[in-house]
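K.L.:
Take a look at this one; I'll ask things after.
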Amino acid sequence: ASGATINVDAGEITAMLADESLGRLTIADQAITVNSAATISVDTANLLEATTTGVVTASITTTETVSELNTLTGTNGAYTIVVASGDATSTTAAQLNTLNGKTTVAVDLTNVTALAGSSLSDLETLASAINANEFSNDSGLTTIAVTDTTIDATTLASTIDSYDAIGGTTDMTLASGATINVDAGEITEMLTDESAGRLTIVDQVITVNGATTVD
């Protein structure tokens with residue numbers, strides 16, 4: 001029946017798809033739910049997506065890399081996804097934003113402890129998604145690498161505050177030689193973030209807009 005739900009064990013998928021390809025079974029808009037007791041690969045999920053316009057519900061193998069996860073072809077699949085421990089520190093905000101669009105279920109960030117080089121724009125998008133509960137177990141971030149070469153101090157401060165609210169103190173590291181444009185009235189907050197371990201400033205160029213004191 002149109003819109004019916006097919007409940008299938010992971011071990012039965014190959015046989016079901018073989019029946020479909022041989023004309024013994026027609027799948028069009030049926031929802032496919034894979035028994036959550038087992039996981040399926042990204043490739044298998046894509047085969048199911050290609051078979052039906054209905055929602056595919058499944059748990060994805062937890063060893064799949066983020067790069068592989070982002071090859072999921074569907075955009076409305078109800079996939080349970082856990083970012084693998086192998087991607088704990090190498091995943092960018094942009095990659096997670098893309099992954100977020102691959103499933104209607106909150107992506108599990110249990111294993112993620114750092115974000116690799118990311119723009120402030122992508123970081124803000126990710127923070128908004130985390131605050132909207134589109135990710136779960138997201139409080140483990142301790143370090144975030146920012147790739148912008150020209151940085152607005154207001155945007156930087158806002159991003160720091162967003163991630164501190166998510167998981168406590170998170171150290172923002174900046175691209176070597178980047179320029180920080182800061183208003184005179186923002187200097188105190190920027191230096192406070194630096195002394196509190198929320199921001200690392202090493203060889204960045206600091207350009208102050210407006211008058212400041214010598215002291």
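Just remember, in the structure tokens the first chain shown is A, the second B, etc., residues are 1-based per chain, and ligands are 1-based in the order shown.
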Using only C-alpha atoms, find each residue in region 39-126 of chain A having at least one atom no more than 12 Å away from region 163-166 of chain A; report its shortest atom-to-atom pair and that distance in Å (one decimal), rows by chain then rising number, as JSON lines.
P.N.:
```
{"residue": "A:Ala114", "atom": "CA", "partner": "A:Tyr163", "partner_atom": "CA", "distance": 11.5}
{"residue": "A:Leu115", "atom": "CA", "partner": "A:Tyr163", "partner_atom": "CA", "distance": 11.4}
{"residue": "A:Leu120", "atom": "CA", "partner": "A:Tyr163", "partner_atom": "CA", "distance": 11.6}
{"residue": "A:Leu123", "atom": "CA", "partner": "A:Tyr163", "partner_atom": "CA", "distance": 9.0}
{"residue": "A:Glu124", "atom": "CA", "partner": "A:Tyr163", "partner_atom": "CA", "distance": 9.1}
{"residue": "A:Thr125", "atom": "CA", "partner": "A:Tyr163", "partner_atom": "CA", "distance": 11.6}
{"residue": "A:Leu126", "atom": "CA", "partner": "A:Tyr163", "partner_atom": "CA", "distance": 9.7}
```
K.L.:
If we count only C-alpha atoms, what is near region 107-112 of chain A at a cut-off of 7 Å, once residues fewer than 5 positions away on the same chain are taken out, given as a list in words?
P.N.:
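Those residues are Thr80, Ile81, Val82, Val83, Ala84, Ser85, Asp87, Ala88, Thr89, Asn100, Glu134, Phe135, Ser136, Asn137, Asp138, Gly140 and Leu141 of chain A.
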K.L.:
Keeping only all heavy atoms, write those residues as a short mmCIF file (atom, residue, chain, number, x, y, z; two decimals), in the first residue's frame.
P.N.:
```
data_model
loop_
_atom_site.label_atom_id
_atom_site.label_comp_id
_atom_site.auth_asym_id
_atom_site.auth_seq_id
_atom_site.Cartn_x
_atom_site.Cartn_y
_atom_site.Cartn_z
N THR A 80 20.08 7.53 12.74
CA THR A 80 20.79 7.71 14.00
C THR A 80 22.28 7.67 13.67
O THR A 80 22.78 6.66 13.17
CB THR A 80 20.43 6.60 15.00
OG1 THR A 80 19.03 6.69 15.31
CG2 THR A 80 21.24 6.74 16.28
N ILE A 81 22.96 8.79 13.91
CA ILE A 81 24.36 8.93 13.52
C ILE A 81 25.20 9.33 14.73
O ILE A 81 24.87 10.29 15.44
CB ILE A 81 24.52 9.99 12.42
CG1 ILE A 81 23.81 9.53 11.13
CG2 ILE A 81 25.99 10.29 12.14
CD1 ILE A 81 23.78 10.58 10.04
N VAL A 82 26.27 8.60 14.96
CA VAL A 82 27.25 8.94 16.00
C VAL A 82 28.56 9.24 15.30
O VAL A 82 29.08 8.39 14.56
CB VAL A 82 27.44 7.79 17.00
CG1 VAL A 82 28.48 8.17 18.05
CG2 VAL A 82 26.12 7.40 17.65
N VAL A 83 29.10 10.43 15.49
CA VAL A 83 30.40 10.76 14.89
C VAL A 83 31.45 9.86 15.54
O VAL A 83 31.55 9.77 16.77
CB VAL A 83 30.75 12.25 15.10
CG1 VAL A 83 32.15 12.54 14.57
CG2 VAL A 83 29.72 13.13 14.39
N ALA A 84 32.24 9.20 14.72
CA ALA A 84 33.20 8.21 15.20
C ALA A 84 34.33 8.84 16.01
O ALA A 84 34.70 10.00 15.80
CB ALA A 84 33.78 7.43 14.02
N SER A 85 34.92 8.06 16.91
CA SER A 85 36.03 8.54 17.72
C SER A 85 37.23 8.91 16.86
O SER A 85 38.04 9.76 17.23
CB SER A 85 36.43 7.49 18.76
OG SER A 85 36.76 6.27 18.14
N ASP A 87 37.17 10.65 14.34
CA ASP A 87 36.97 12.03 13.90
C ASP A 87 36.84 12.99 15.08
O ASP A 87 36.31 14.09 14.93
CB ASP A 87 35.70 12.12 13.03
CG ASP A 87 35.90 11.50 11.65
OD1 ASP A 87 36.99 11.67 11.08
OD2 ASP A 87 34.96 10.85 11.15
N ALA A 88 37.34 12.59 16.23
CA ALA A 88 37.16 13.36 17.45
C ALA A 88 37.71 14.77 17.37
O ALA A 88 37.16 15.71 17.97
CB ALA A 88 37.80 12.62 18.63
N THR A 89 38.82 14.94 16.63
CA THR A 89 39.45 16.26 16.58
C THR A 89 39.67 16.77 15.16
O THR A 89 40.20 17.87 14.97
CB THR A 89 40.83 16.22 17.28
OG1 THR A 89 41.68 15.29 16.61
CG2 THR A 89 40.68 15.82 18.74
N ASN A 100 24.33 17.54 9.38
CA ASN A 100 23.06 17.86 10.01
C ASN A 100 21.91 17.84 9.01
O ASN A 100 20.77 17.52 9.37
CB ASN A 100 23.14 19.25 10.67
CG ASN A 100 21.93 19.57 11.51
OD1 ASN A 100 21.31 18.69 12.12
ND2 ASN A 100 21.56 20.84 11.55
N GLU A 134 19.57 20.06 17.43
CA GLU A 134 19.77 19.27 16.23
C GLU A 134 21.02 18.39 16.35
O GLU A 134 21.32 17.59 15.45
CB GLU A 134 19.85 20.18 15.01
CG GLU A 134 18.53 20.89 14.75
CD GLU A 134 18.63 21.99 13.71
OE1 GLU A 134 19.65 22.05 12.99
OE2 GLU A 134 17.69 22.80 13.62
N PHE A 135 21.75 18.55 17.46
CA PHE A 135 22.86 17.68 17.82
C PHE A 135 22.66 17.25 19.27
O PHE A 135 21.98 17.94 20.03
CB PHE A 135 24.20 18.39 17.68
CG PHE A 135 24.60 18.68 16.25
CD1 PHE A 135 24.15 19.82 15.60
CD2 PHE A 135 25.42 17.80 15.56
CE1 PHE A 135 24.50 20.08 14.29
CE2 PHE A 135 25.78 18.06 14.24
CZ PHE A 135 25.32 19.20 13.60
N SER A 136 23.24 16.12 19.64
CA SER A 136 23.13 15.65 21.02
C SER A 136 24.52 15.35 21.59
O SER A 136 25.48 15.21 20.83
CB SER A 136 22.26 14.40 21.10
OG SER A 136 22.87 13.32 20.41
N ASN A 137 24.60 15.28 22.93
CA ASN A 137 25.87 14.98 23.60
C ASN A 137 27.00 15.85 23.07
O ASN A 137 28.06 15.38 22.69
CB ASN A 137 26.21 13.49 23.44
CG ASN A 137 25.16 12.59 24.02
OD1 ASN A 137 24.69 12.80 25.14
ND2 ASN A 137 24.74 11.58 23.28
N ASP A 138 26.73 17.17 23.09
CA ASP A 138 27.61 18.13 22.43
C ASP A 138 28.44 18.97 23.38
O ASP A 138 28.99 20.00 22.99
CB ASP A 138 26.75 19.07 21.56
CG ASP A 138 25.48 19.51 22.28
OD1 ASP A 138 25.57 19.93 23.44
OD2 ASP A 138 24.40 19.39 21.68
N GLY A 140 31.27 18.21 24.91
CA GLY A 140 32.66 17.79 25.09
C GLY A 140 33.69 18.61 24.35
O GLY A 140 34.89 18.33 24.43
N LEU A 141 33.26 19.65 23.64
CA LEU A 141 34.21 20.46 22.87
C LEU A 141 35.14 21.24 23.79
O LEU A 141 34.68 21.96 24.68
CB LEU A 141 33.47 21.43 21.95
CG LEU A 141 32.81 20.82 20.72
CD1 LEU A 141 31.94 21.87 20.02
CD2 LEU A 141 33.86 20.30 19.76
#
```
K.L.:
Could you please determine the separation between CA of Leu69 (chain A) and CA of Gln95 (chain A) in Å, to one decimal place?
P.N.:
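Interatomic distance here is 9.6 Å.
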K.L.:
If DSSP is run on the backbone, what residues of region 61-122 of chain A are strand (DSSP E)? A reply as a PDB file with N, CA and C atoms, in the first residue's frame would be ideal.
P.N.:
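Done, and the output landed in result35.pdb:
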```pdb
ATOM      1  N   ALA A  78      15.673   9.393   8.546  1.00  0.00           N
ATOM      2  CA  ALA A  78      15.717   9.446  10.018  1.00  0.00           C
ATOM      3  C   ALA A  78      16.853   8.545  10.481  1.00  0.00           C
ATOM      4  N   TYR A  79      18.072   9.012  10.279  1.00  0.00           N
ATOM      5  CA  TYR A  79      19.253   8.213  10.580  1.00  0.00           C
ATOM      6  C   TYR A  79      19.806   8.559  11.963  1.00  0.00           C
ATOM      7  N   THR A  80      20.076   7.529  12.737  1.00  0.00           N
ATOM      8  CA  THR A  80      20.791   7.708  13.999  1.00  0.00           C
ATOM      9  C   THR A  80      22.276   7.672  13.666  1.00  0.00           C
ATOM     10  N   VAL A 107      22.291  14.522  15.586  1.00  0.00           N
ATOM     11  CA  VAL A 107      23.573  13.840  15.397  1.00  0.00           C
ATOM     12  C   VAL A 107      24.324  13.800  16.728  1.00  0.00           C
ATOM     13  N   ASP A 108      24.814  12.636  17.091  1.00  0.00           N
ATOM     14  CA  ASP A 108      25.474  12.419  18.383  1.00  0.00           C
ATOM     15  C   ASP A 108      26.951  12.822  18.307  1.00  0.00           C
ATOM     16  N   ALA A 114      37.104  18.382  19.709  1.00  0.00           N
ATOM     17  CA  ALA A 114      37.670  19.583  19.100  1.00  0.00           C
ATOM     18  C   ALA A 114      37.124  19.734  17.687  1.00  0.00           C
ATOM     19  N   LEU A 115      37.110  20.969  17.218  1.00  0.00           N
ATOM     20  CA  LEU A 115      36.733  21.234  15.835  1.00  0.00           C
ATOM     21  C   LEU A 115      37.967  21.706  15.084  1.00  0.00           C
ATOM     22  N   ALA A 116      38.230  21.079  13.948  1.00  0.00           N
ATOM     23  CA  ALA A 116      39.353  21.495  13.099  1.00  0.00           C
ATOM     24  C   ALA A 116      38.981  22.794  12.388  1.00  0.00           C
ATOM     25  N   GLY A 117      39.958  23.350  11.654  1.00  0.00           N
ATOM     26  CA  GLY A 117      39.830  24.670  11.051  1.00  0.00           C
ATOM     27  C   GLY A 117      38.455  25.007  10.487  1.00  0.00           C
ATOM     28  N   SER A 118      37.815  26.004  11.081  1.00  0.00           N
ATOM     29  CA  SER A 118      36.450  26.376  10.717  1.00  0.00           C
ATOM     30  C   SER A 118      36.303  27.891  10.683  1.00  0.00           C
TER      31      SER A 118
END
```
K.L.:
Write out as a list of chain:residue names each polymer residue whose atoms come within 8 Å of Thr33 (chain A), counting only C-alpha atoms; drop sequence neighbours fewer than 4 positions from it.
P.N.:
A:Thr5, A:Ile6, A:Asn7, A:Val8, A:Val56, A:Thr57, A:Ala58
K.L.:
For Thr155 (chain A), list every protein, DNA or RNA residue within 9 Å, evaluated using only C-alpha atoms, and leave out those in the same chain fewer than 4 positions away; present the list as a PyMOL selection string.
P.N.:
chain A and resi 120-121+151+159-160
K.L.:
From the options A:Leu191, A:Leu48, A:Ala153, A:Ala106, which residue's atoms come nearest to Glu20 (chain A), counting only C-alpha atoms?
P.N.:
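Answer, going by the shortest atom-to-atom distance: A:Leu48.
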